[in-house]
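This is query-v3.pdb. It holds PDB, C-alpha atoms.
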MODEL        1
ATOM      1  CA  MET A 254     -16.536 -57.682  22.111
ATOM      2  CA  ASN A 255     -13.649 -58.953  24.224
ATOM      3  CA  LEU A 256     -10.578 -56.937  25.299
ATOM      4  CA  PRO A 257      -8.234 -58.038  22.458
ATOM      5  CA  ASN A 258     -10.830 -57.015  19.866
ATOM      6  CA  LYS A 259     -11.325 -53.659  21.602
ATOM      7  CA  LEU A 260      -7.583 -53.087  21.437
ATOM      8  CA  THR A 261      -7.660 -53.990  17.750
ATOM      9  CA  THR A 262     -10.412 -51.484  16.945
ATOM     10  CA  SER A 263      -8.648 -48.788  18.995
ATOM     11  CA  ARG A 264      -5.966 -48.655  16.302
ATOM     12  CA  PHE A 265      -8.490 -47.086  13.913
ATOM     13  CA  GLY A 266      -8.777 -44.190  16.368
ATOM     14  CA  PHE A 267      -5.006 -43.982  16.701
ATOM     15  CA  ALA A 268      -4.760 -43.818  12.898
ATOM     16  CA  LEU A 269      -7.051 -40.784  12.795
ATOM     17  CA  LEU A 270      -5.075 -38.989  15.518
ATOM     18  CA  LEU A 271      -1.838 -39.835  13.723
ATOM     19  CA  LEU A 272      -3.184 -38.283  10.521
ATOM     20  CA  LEU A 273      -4.017 -35.045  12.339
ATOM     21  CA  CYS A 274      -0.565 -34.831  13.898
ATOM     22  CA  LEU A 275       1.213 -35.412  10.587
ATOM     23  CA  THR A 276      -1.050 -33.063   8.609
ATOM     24  CA  PHE A 277      -1.076 -30.070  10.945
ATOM     25  CA  SER A 278       1.958 -28.438  12.539
ATOM     26  CA  PHE A 279       1.692 -27.412  16.177
ATOM     27  CA  PRO A 280       4.214 -27.516  19.033
ATOM     28  CA  GLY A 281       5.254 -31.121  19.607
ATOM     29  CA  SER A 282       3.024 -32.487  16.830
ATOM     30  CA  LYS A 283       5.626 -34.881  15.422
ATOM     31  CA  THR A 284       6.663 -36.109  18.856
ATOM     32  CA  LEU A 285       3.000 -36.787  19.607
ATOM     33  CA  ALA A 286       2.707 -38.643  16.287
ATOM     34  CA  LEU A 287       5.652 -40.831  17.287
ATOM     35  CA  LEU A 288       4.112 -41.584  20.690
ATOM     36  CA  LEU A 289       0.722 -42.389  19.136
ATOM     37  CA  PHE A 290       2.288 -44.816  16.702
ATOM     38  CA  LEU A 291       4.301 -46.495  19.463
ATOM     39  CA  VAL A 292       1.196 -46.974  21.604
ATOM     40  CA  ALA A 293      -0.775 -48.278  18.612
ATOM     41  CA  SER A 294       2.045 -50.723  17.839
ATOM     42  CA  ALA A 295       1.985 -51.880  21.463
ATOM     43  CA  THR A 296      -1.731 -52.630  21.213
ATOM     44  CA  ASP A 297      -0.973 -54.784  18.164
ATOM     45  CA  TRP A 298       1.346 -56.953  20.247
ATOM     46  CA  LEU A 299      -0.897 -56.896  23.326
ATOM     47  CA  ASP A 300      -4.132 -57.924  21.593
ATOM     48  CA  GLY A 301      -2.380 -60.898  19.998
ATOM     49  CA  TYR A 302      -0.844 -61.950  23.308
ATOM     50  CA  LEU A 303      -4.140 -61.701  25.186
ATOM     51  CA  ALA A 304      -6.015 -63.552  22.441
ATOM     52  CA  ARG A 305      -3.537 -66.440  22.476
ATOM     53  CA  THR A 306      -3.139 -66.749  26.249
ATOM     54  CA  LYS A 307      -6.456 -65.754  27.845
ATOM     55  CA  TYR A 308      -9.382 -64.709  25.685
ATOM     56  CA  GLY A 309      -9.014 -66.978  22.668
ATOM     57  CA  VAL A 310      -8.557 -66.171  18.999
ATOM     58  CA  THR A 311     -11.762 -65.072  17.269
ATOM     59  CA  ALA A 312     -12.752 -64.787  13.610
ATOM     60  CA  PHE A 313     -13.256 -61.050  14.170
ATOM     61  CA  GLY A 314      -9.722 -60.701  15.470
ATOM     62  CA  LYS A 315      -8.187 -62.698  12.623
ATOM     63  CA  LEU A 316      -9.872 -60.450  10.077
ATOM     64  CA  MET A 317      -9.776 -57.051  11.786
ATOM     65  CA  ASP A 318      -6.305 -57.210  13.360
ATOM     66  CA  PRO A 319      -4.415 -57.147  10.029
ATOM     67  CA  LEU A 320      -6.925 -54.637   8.644
ATOM     68  CA  ALA A 321      -6.297 -52.250  11.549
ATOM     69  CA  ASP A 322      -2.558 -52.599  10.955
ATOM     70  CA  LYS A 323      -3.018 -51.763   7.278
ATOM     71  CA  VAL A 324      -5.055 -48.646   8.043
ATOM     72  CA  LEU A 325      -2.431 -47.418  10.504
ATOM     73  CA  VAL A 326       0.424 -48.073   8.074
ATOM     74  CA  THR A 327      -1.478 -46.512   5.155
ATOM     75  CA  VAL A 328      -2.136 -43.302   7.086
ATOM     76  CA  ALA A 329       1.538 -42.981   7.992
ATOM     77  CA  LEU A 330       2.907 -43.756   4.519
ATOM     78  CA  VAL A 331       0.491 -41.510   2.600
ATOM     79  CA  SER A 332       1.259 -38.670   5.027
ATOM     80  CA  PHE A 333       5.003 -39.184   4.480
ATOM     81  CA  VAL A 334       4.603 -38.683   0.728
ATOM     82  CA  GLU A 335       3.079 -35.250   1.374
ATOM     83  CA  ILE A 336       5.753 -34.095   3.850
ATOM     84  CA  ARG A 337       8.885 -32.273   2.667
ATOM     85  CA  PHE A 338      11.827 -33.017   4.937
ATOM     86  CA  ASP A 339      15.191 -31.991   3.492
ATOM     87  CA  PRO A 340      15.666 -28.203   3.059
ATOM     88  CA  GLY A 341      18.479 -28.921   0.611
ATOM     89  CA  HIS A 342      16.053 -30.816  -1.629
ATOM     90  CA  PRO A 343      12.655 -29.194  -1.028
ATOM     91  CA  GLU A 344      11.096 -31.008  -3.977
ATOM     92  CA  SER A 345      11.832 -34.454  -2.522
ATOM     93  CA  PRO A 346       9.120 -36.056  -0.375
ATOM     94  CA  LEU A 347       9.965 -37.563   2.974
ATOM     95  CA  VAL A 348       9.214 -40.963   1.415
ATOM     96  CA  PRO A 349       8.724 -41.231  -2.375
ATOM     97  CA  ALA A 350       5.535 -42.669  -3.824
ATOM     98  CA  LEU A 351       7.743 -45.166  -5.680
ATOM     99  CA  LEU A 352       8.266 -46.945  -2.351
ATOM    100  CA  VAL A 353       4.818 -46.343  -0.884
ATOM    101  CA  VAL A 354       2.652 -47.525  -3.793
ATOM    102  CA  PRO A 355       4.072 -51.102  -3.944
ATOM    103  CA  ILE A 356       3.471 -51.481  -0.198
ATOM    104  CA  LEU A 357      -0.126 -50.290  -0.436
ATOM    105  CA  PHE A 358      -0.729 -52.337  -3.593
ATOM    106  CA  ARG A 359       0.326 -55.508  -1.787
ATOM    107  CA  GLU A 360      -1.736 -54.680   1.295
ATOM    108  CA  PHE A 361      -4.933 -54.076  -0.678
ATOM    109  CA  MET A 362      -4.387 -57.229  -2.752
ATOM    110  CA  VAL A 363      -3.936 -59.343   0.377
ATOM    111  CA  THR A 364      -6.998 -57.745   1.976
ATOM    112  CA  GLY A 365      -8.980 -58.679  -1.138
ATOM    113  CA  LEU A 366      -7.718 -62.247  -0.893
ATOM    114  CA  ARG A 367      -8.750 -62.407   2.764
ATOM    115  CA  LEU A 368     -12.243 -61.184   1.872
ATOM    116  CA  LEU A 369     -12.417 -63.805  -0.861
ATOM    117  CA  ALA A 370     -11.448 -66.432   1.697
ATOM    118  CA  VAL A 371     -14.234 -65.263   4.023
ATOM    119  CA  GLU A 372     -16.727 -65.685   1.170
ATOM    120  CA  GLN A 373     -15.539 -69.279   0.909
ATOM    121  CA  GLY A 374     -15.810 -69.885   4.649
ATOM    122  CA  GLN A 375     -12.110 -69.554   5.476
ATOM    123  CA  ILE A 376     -10.042 -67.211   7.638
ATOM    124  CA  LEU A 377      -6.452 -66.579   6.547
ATOM    125  CA  SER A 378      -3.884 -65.760   9.221
ATOM    126  CA  ALA A 379      -0.581 -64.000   8.677
ATOM    127  CA  GLY A 380       2.391 -66.268   7.970
ATOM    128  CA  PRO A 381       6.014 -65.883   9.149
ATOM    129  CA  LEU A 382       7.007 -63.685   6.206
ATOM    130  CA  GLY A 383       3.957 -61.508   6.815
ATOM    131  CA  LYS A 384       5.048 -60.990  10.408
ATOM    132  CA  TRP A 385       8.556 -60.070   9.275
ATOM    133  CA  LYS A 386       7.012 -57.662   6.781
ATOM    134  CA  THR A 387       4.968 -56.026   9.521
ATOM    135  CA  ALA A 388       8.014 -55.726  11.785
ATOM    136  CA  LEU A 389      10.087 -54.060   9.046
ATOM    137  CA  GLN A 390       7.282 -51.695   8.098
ATOM    138  CA  MET A 391       6.697 -50.705  11.707
ATOM    139  CA  GLY A 392      10.417 -50.239  12.322
ATOM    140  CA  ALA A 393      10.827 -48.052   9.227
ATOM    141  CA  ILE A 394       7.807 -45.928  10.144
ATOM    142  CA  ILE A 395       8.930 -45.518  13.761
ATOM    143  CA  PHE A 396      12.386 -44.386  12.621
ATOM    144  CA  THR A 397      10.809 -41.935  10.163
ATOM    145  CA  LEU A 398       8.581 -40.478  12.870
ATOM    146  CA  PHE A 399      11.602 -40.238  15.179
ATOM    147  CA  ALA A 400      13.518 -38.345  12.481
ATOM    148  CA  LEU A 401      10.591 -35.961  12.019
ATOM    149  CA  ALA A 402      10.336 -35.338  15.752
ATOM    150  CA  LEU A 403      14.097 -34.819  15.978
ATOM    151  CA  VAL A 404      14.372 -32.119  13.321
ATOM    152  CA  GLU A 405      11.022 -30.379  13.885
ATOM    153  CA  ASP A 406      10.476 -30.580  17.642
ATOM    154  CA  TRP A 407      13.872 -31.196  19.242
ATOM    155  CA  LEU A 408      16.301 -29.314  16.980
ATOM    156  CA  PRO A 409      14.146 -26.529  15.527
ATOM    157  CA  GLU A 410      16.627 -23.720  16.218
ATOM    158  CA  MET A 411      19.738 -25.424  14.876
ATOM    159  CA  GLU A 412      21.060 -23.883  11.676
ATOM    160  CA  GLY A 413      23.956 -24.206   9.276
ATOM    161  CA  THR A 414      25.809 -27.144   7.803
ATOM    162  CA  THR A 415      25.253 -29.361  10.842
ATOM    163  CA  LEU A 416      21.484 -29.302  10.453
ATOM    164  CA  THR A 417      21.823 -29.774   6.692
ATOM    165  CA  SER A 418      24.009 -32.833   7.261
ATOM    166  CA  ILE A 419      21.524 -34.248   9.773
ATOM    167  CA  HIS A 420      18.657 -33.822   7.312
ATOM    168  CA  PHE A 421      20.636 -35.398   4.486
ATOM    169  CA  THR A 422      21.783 -38.400   6.536
ATOM    170  CA  LEU A 423      18.381 -39.063   8.066
ATOM    171  CA  HIS A 424      16.660 -38.733   4.691
ATOM    172  CA  TRP A 425      18.823 -41.400   3.081
ATOM    173  CA  MET A 426      18.447 -43.670   6.096
ATOM    174  CA  ILE A 427      14.672 -43.309   5.834
ATOM    175  CA  TRP A 428      14.701 -44.156   2.128
ATOM    176  CA  GLY A 429      16.934 -47.170   2.759
ATOM    177  CA  LEU A 430      14.689 -48.542   5.508
ATOM    178  CA  MET A 431      11.564 -47.961   3.437
ATOM    179  CA  ALA A 432      13.148 -49.693   0.443
ATOM    180  CA  GLY A 433      13.881 -52.721   2.628
ATOM    181  CA  ALA A 434      10.329 -52.711   3.971
ATOM    182  CA  ALA A 435       8.919 -52.421   0.445
ATOM    183  CA  GLY A 436      11.054 -55.346  -0.739
ATOM    184  CA  MET A 437       9.939 -57.599   2.120
ATOM    185  CA  THR A 438       6.341 -56.501   1.556
ATOM    186  CA  LEU A 439       6.449 -57.677  -2.065
ATOM    187  CA  ILE A 440       8.199 -60.944  -1.150
ATOM    188  CA  SER A 441       5.665 -61.749   1.573
ATOM    189  CA  GLY A 442       2.814 -60.863  -0.788
ATOM    190  CA  TRP A 443       4.102 -63.266  -3.418
ATOM    191  CA  ASP A 444       4.452 -65.977  -0.775
ATOM    192  CA  TYR A 445       0.935 -65.300   0.525
ATOM    193  CA  PHE A 446      -0.678 -65.577  -2.895
ATOM    194  CA  SER A 447       1.370 -68.651  -3.809
ATOM    195  CA  LYS A 448       0.223 -70.507  -0.709
ATOM    196  CA  ASN A 449      -3.427 -69.487  -1.159
ATOM    197  CA  ARG A 450      -3.761 -69.503  -4.946
ATOM    198  CA  SER A 451      -6.459 -72.168  -4.709
ATOM    199  CA  LEU A 452      -8.809 -69.425  -3.466
ATOM    200  CA  LEU A 453      -8.580 -67.791  -6.880
ATOM    201  CA  HIS A 454      -9.905 -70.972  -8.522
ATOM    202  CA  PRO A 455     -12.620 -72.362  -6.218
ATOM    203  CA  PRO A 456     -14.153 -75.691  -7.231
ATOM    204  CA  SER A 457     -17.282 -75.385  -9.323
ATOM    205  CA  ASN A 458     -20.592 -77.011  -8.411
ATOM    206  CA  GLU A 459     -19.986 -79.605 -11.085
ATOM    207  CA  ASP A 460     -16.830 -80.756  -9.261
ATOM    208  CA  SER A 461     -18.562 -81.137  -5.899
TER     209      SER A 461
ENDMDL
END
Please go through the file and, once you have read it, give me the structure as structure tokens.
Amino acid sequence: MNLPNKLTTSRFGFALLLLLCLTFSFPGSKTLALLLFLVASATDWLDGYLARTKYGVTAFGKLMDPLADKVLVTVALVSFVEIRFDPGHPESPLVPALLVVPILFREFMVTGLRLLAVEQGQILSAGPLGKWKTALQMGAIIFTLFALALVEDWLPEMEGTTLTSIHFTLHWMIWGLMAGAAGMTLISGWDYFSKNRSLLHPPSNEDS
């Protein structure tokens, strides 16, 4: 296994550590979660750069790189649904399932299409819209982790209307960013299936 593929598989480990930091509260846990996600995101860029410039693109990398990204994103988004962020609205999740489920639905559907392509001897790479989708998702998640670190690790002793206003503003910013990421996710998914719809209707033996 070459270096880019090792970097790709390392994101599965980062995903597990991220889950622990978001599930359990300990001093600096949310700041550590932010740092872990940033490092994992850096490996996503680095493995692609090394594969294109030095080591070569492999079938393993084409298949596992987007899968590792999906696992990392899934861990973050599912954890966000469980977290309660705004003291003024304790019933509201950090990110609502209404925004998370469409993202995960698209990701699993595309993963299924990629597996179908492998069965037919093809490897599907991410297109331009897919890369934009990934950038928006990563940006929204990074901002959300930053907001968590800010209110839980950096401003834990602040009280009163100022803290309430910070929570309220950050919460709506998070929802807005996640809504944008969800919209681009659905658009890129539609584009992906439209361009590869022939995989859903492979030629029969009688046509060959």
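For the set A:Gln373, A:Thr262, A:Thr306, A:Thr284, the residue with the smallest atom-to-atom gap to Leu325 (chain A) is A:Thr262, counting all atoms listed in the file.
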Starting from 8 Å padding per side, set up an axis-aligned box that covers all listed atoms of region 442-448 of chain A and hand over centre and edge lengths in Å, one decimal, as JSON.
{"center_x": 1.9, "center_y": -65.7, "center_z": -1.6, "size_x": 21.1, "size_y": 25.6, "size_z": 20.3}
request  = With a distance cut-off of 7 Å and all atoms listed in the file, select the neighbouring residues of Ile356 (chain A), excluding the residue or stretch itself and same-chain residues fewer than 3 positions from it, and output the selection as a list in words.
outcome  = Leu352, Val353, Arg359, Glu360, Ala435 and Thr438 of chain A
Dump as an mmCIF file, in the coordinates of the input, selection limited to C-alpha atoms:
data_model
loop_
_atom_site.group_PDB
_atom_site.id
_atom_site.type_symbol
_atom_site.label_atom_id
_atom_site.label_comp_id
_atom_site.auth_asym_id
_atom_site.auth_seq_id
_atom_site.Cartn_x
_atom_site.Cartn_y
_atom_site.Cartn_z
ATOM 1 C CA LEU A 352 8.266 -46.945 -2.351
ATOM 2 C CA VAL A 353 4.818 -46.343 -0.884
ATOM 3 C CA ARG A 359 0.326 -55.508 -1.787
ATOM 4 C CA GLU A 360 -1.736 -54.680 1.295
ATOM 5 C CA ALA A 435 8.919 -52.421 0.445
ATOM 6 C CA THR A 438 6.341 -56.501 1.556
#
task = Compare A:Trp407, A:Ser447, A:Met362, A:Ile336 by their minimum atom-to-atom distance to Ala350 (chain A), counting all atoms listed in the file, and give me the closest one.
result = A:Ile336
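You can rank A:Leu288, A:Val334, A:Leu275, A:Ala312 by their closest distance to Val354 (chain A) using all atoms listed in the file, and at the top of that list sits A:Val334.
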Quick test: take region 338-349 of chain A, keep all heavy atoms, and write it as an mmCIF file, in the first residue's frame.
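part-v7.cif, written as the output of this step:
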data_model
loop_
_atom_site.group_PDB
_atom_site.id
_atom_site.type_symbol
_atom_site.label_atom_id
_atom_site.label_comp_id
_atom_site.auth_asym_id
_atom_site.auth_seq_id
_atom_site.Cartn_x
_atom_site.Cartn_y
_atom_site.Cartn_z
ATOM 1 N N PHE A 338 -27.238 22.439 21.581
ATOM 2 C CA PHE A 338 -26.281 23.536 21.518
ATOM 3 C C PHE A 338 -26.799 24.827 22.143
ATOM 4 O O PHE A 338 -26.081 25.505 22.861
ATOM 5 C CB PHE A 338 -25.917 23.770 20.053
ATOM 6 C CG PHE A 338 -24.952 24.900 19.813
ATOM 7 C CD1 PHE A 338 -23.604 24.744 20.093
ATOM 8 C CD2 PHE A 338 -25.385 26.119 19.304
ATOM 9 C CE1 PHE A 338 -22.711 25.768 19.872
ATOM 10 C CE2 PHE A 338 -24.496 27.154 19.080
ATOM 11 C CZ PHE A 338 -23.151 26.976 19.367
ATOM 12 N N ASP A 339 -28.037 25.176 21.867
ATOM 13 C CA ASP A 339 -28.583 26.471 22.262
ATOM 14 C C ASP A 339 -29.361 26.344 23.568
ATOM 15 O O ASP A 339 -30.425 25.719 23.601
ATOM 16 C CB ASP A 339 -29.502 26.996 21.153
ATOM 17 C CG ASP A 339 -29.940 28.435 21.400
ATOM 18 O OD1 ASP A 339 -29.685 28.944 22.491
ATOM 19 O OD2 ASP A 339 -30.531 29.039 20.480
ATOM 20 N N PRO A 340 -28.873 26.926 24.685
ATOM 21 C CA PRO A 340 -29.598 26.823 25.951
ATOM 22 C C PRO A 340 -30.999 27.422 25.883
ATOM 23 O O PRO A 340 -31.893 27.013 26.623
ATOM 24 C CB PRO A 340 -28.708 27.615 26.925
ATOM 25 C CG PRO A 340 -27.364 27.629 26.298
ATOM 26 C CD PRO A 340 -27.603 27.661 24.831
ATOM 27 N N GLY A 341 -31.201 28.399 24.993
ATOM 28 C CA GLY A 341 -32.515 28.992 24.853
ATOM 29 C C GLY A 341 -33.512 28.086 24.172
ATOM 30 O O GLY A 341 -34.728 28.284 24.297
ATOM 31 N N HIS A 342 -33.012 27.096 23.441
ATOM 32 C CA HIS A 342 -33.872 26.117 22.760
ATOM 33 C C HIS A 342 -33.273 24.728 22.980
ATOM 34 O O HIS A 342 -32.704 24.130 22.052
ATOM 35 C CB HIS A 342 -33.987 26.432 21.268
ATOM 36 C CG HIS A 342 -34.551 27.797 20.989
ATOM 37 N ND1 HIS A 342 -33.767 28.931 20.962
ATOM 38 C CD2 HIS A 342 -35.829 28.198 20.729
ATOM 39 C CE1 HIS A 342 -34.524 29.977 20.690
ATOM 40 N NE2 HIS A 342 -35.775 29.575 20.544
ATOM 41 N N PRO A 343 -33.391 24.213 24.198
ATOM 42 C CA PRO A 343 -32.718 22.948 24.536
ATOM 43 C C PRO A 343 -33.240 21.747 23.765
ATOM 44 O O PRO A 343 -32.583 20.706 23.720
ATOM 45 C CB PRO A 343 -32.994 22.802 26.041
ATOM 46 C CG PRO A 343 -34.215 23.619 26.290
ATOM 47 C CD PRO A 343 -34.131 24.766 25.344
ATOM 48 N N GLU A 344 -34.429 21.872 23.167
ATOM 49 C CA GLU A 344 -34.969 20.751 22.409
ATOM 50 C C GLU A 344 -34.419 20.690 20.992
ATOM 51 O O GLU A 344 -34.575 19.678 20.290
ATOM 52 C CB GLU A 344 -36.509 20.852 22.366
ATOM 53 C CG GLU A 344 -37.064 21.918 21.430
ATOM 54 C CD GLU A 344 -36.915 23.343 21.961
ATOM 55 O OE1 GLU A 344 -36.513 23.495 23.119
ATOM 56 O OE2 GLU A 344 -37.201 24.292 21.198
ATOM 57 N N SER A 345 -33.782 21.746 20.538
ATOM 58 C CA SER A 345 -33.291 21.813 19.156
ATOM 59 C C SER A 345 -31.906 21.185 19.040
ATOM 60 O O SER A 345 -30.992 21.545 19.792
ATOM 61 C CB SER A 345 -33.228 23.264 18.676
ATOM 62 O OG SER A 345 -34.515 23.844 18.660
ATOM 63 N N PRO A 346 -31.719 20.269 18.103
ATOM 64 C CA PRO A 346 -30.389 19.678 17.911
ATOM 65 C C PRO A 346 -29.435 20.683 17.294
ATOM 66 O O PRO A 346 -29.857 21.682 16.701
ATOM 67 C CB PRO A 346 -30.665 18.513 16.956
ATOM 68 C CG PRO A 346 -31.872 18.948 16.188
ATOM 69 C CD PRO A 346 -32.710 19.731 17.154
ATOM 70 N N LEU A 347 -28.166 20.416 17.434
ATOM 71 C CA LEU A 347 -27.160 21.281 16.815
ATOM 72 C C LEU A 347 -27.401 21.382 15.316
ATOM 73 O O LEU A 347 -27.371 22.469 14.731
ATOM 74 C CB LEU A 347 -25.762 20.718 17.100
ATOM 75 C CG LEU A 347 -24.580 21.464 16.496
ATOM 76 C CD1 LEU A 347 -24.531 22.901 16.996
ATOM 77 C CD2 LEU A 347 -23.275 20.751 16.847
ATOM 78 N N VAL A 348 -27.659 20.246 14.684
ATOM 79 C CA VAL A 348 -28.052 20.198 13.268
ATOM 80 C C VAL A 348 -29.249 19.260 13.178
ATOM 81 O O VAL A 348 -29.174 18.129 13.643
ATOM 82 C CB VAL A 348 -26.910 19.691 12.368
ATOM 83 C CG1 VAL A 348 -27.360 19.614 10.907
ATOM 84 C CG2 VAL A 348 -25.674 20.583 12.497
ATOM 85 N N PRO A 349 -30.360 19.691 12.588
ATOM 86 C CA PRO A 349 -31.560 18.841 12.538
ATOM 87 C C PRO A 349 -31.398 17.673 11.579
ATOM 88 O O PRO A 349 -30.683 17.772 10.568
ATOM 89 C CB PRO A 349 -32.661 19.799 12.066
ATOM 90 C CG PRO A 349 -31.938 20.862 11.312
ATOM 91 C CD PRO A 349 -30.609 21.021 12.000
#
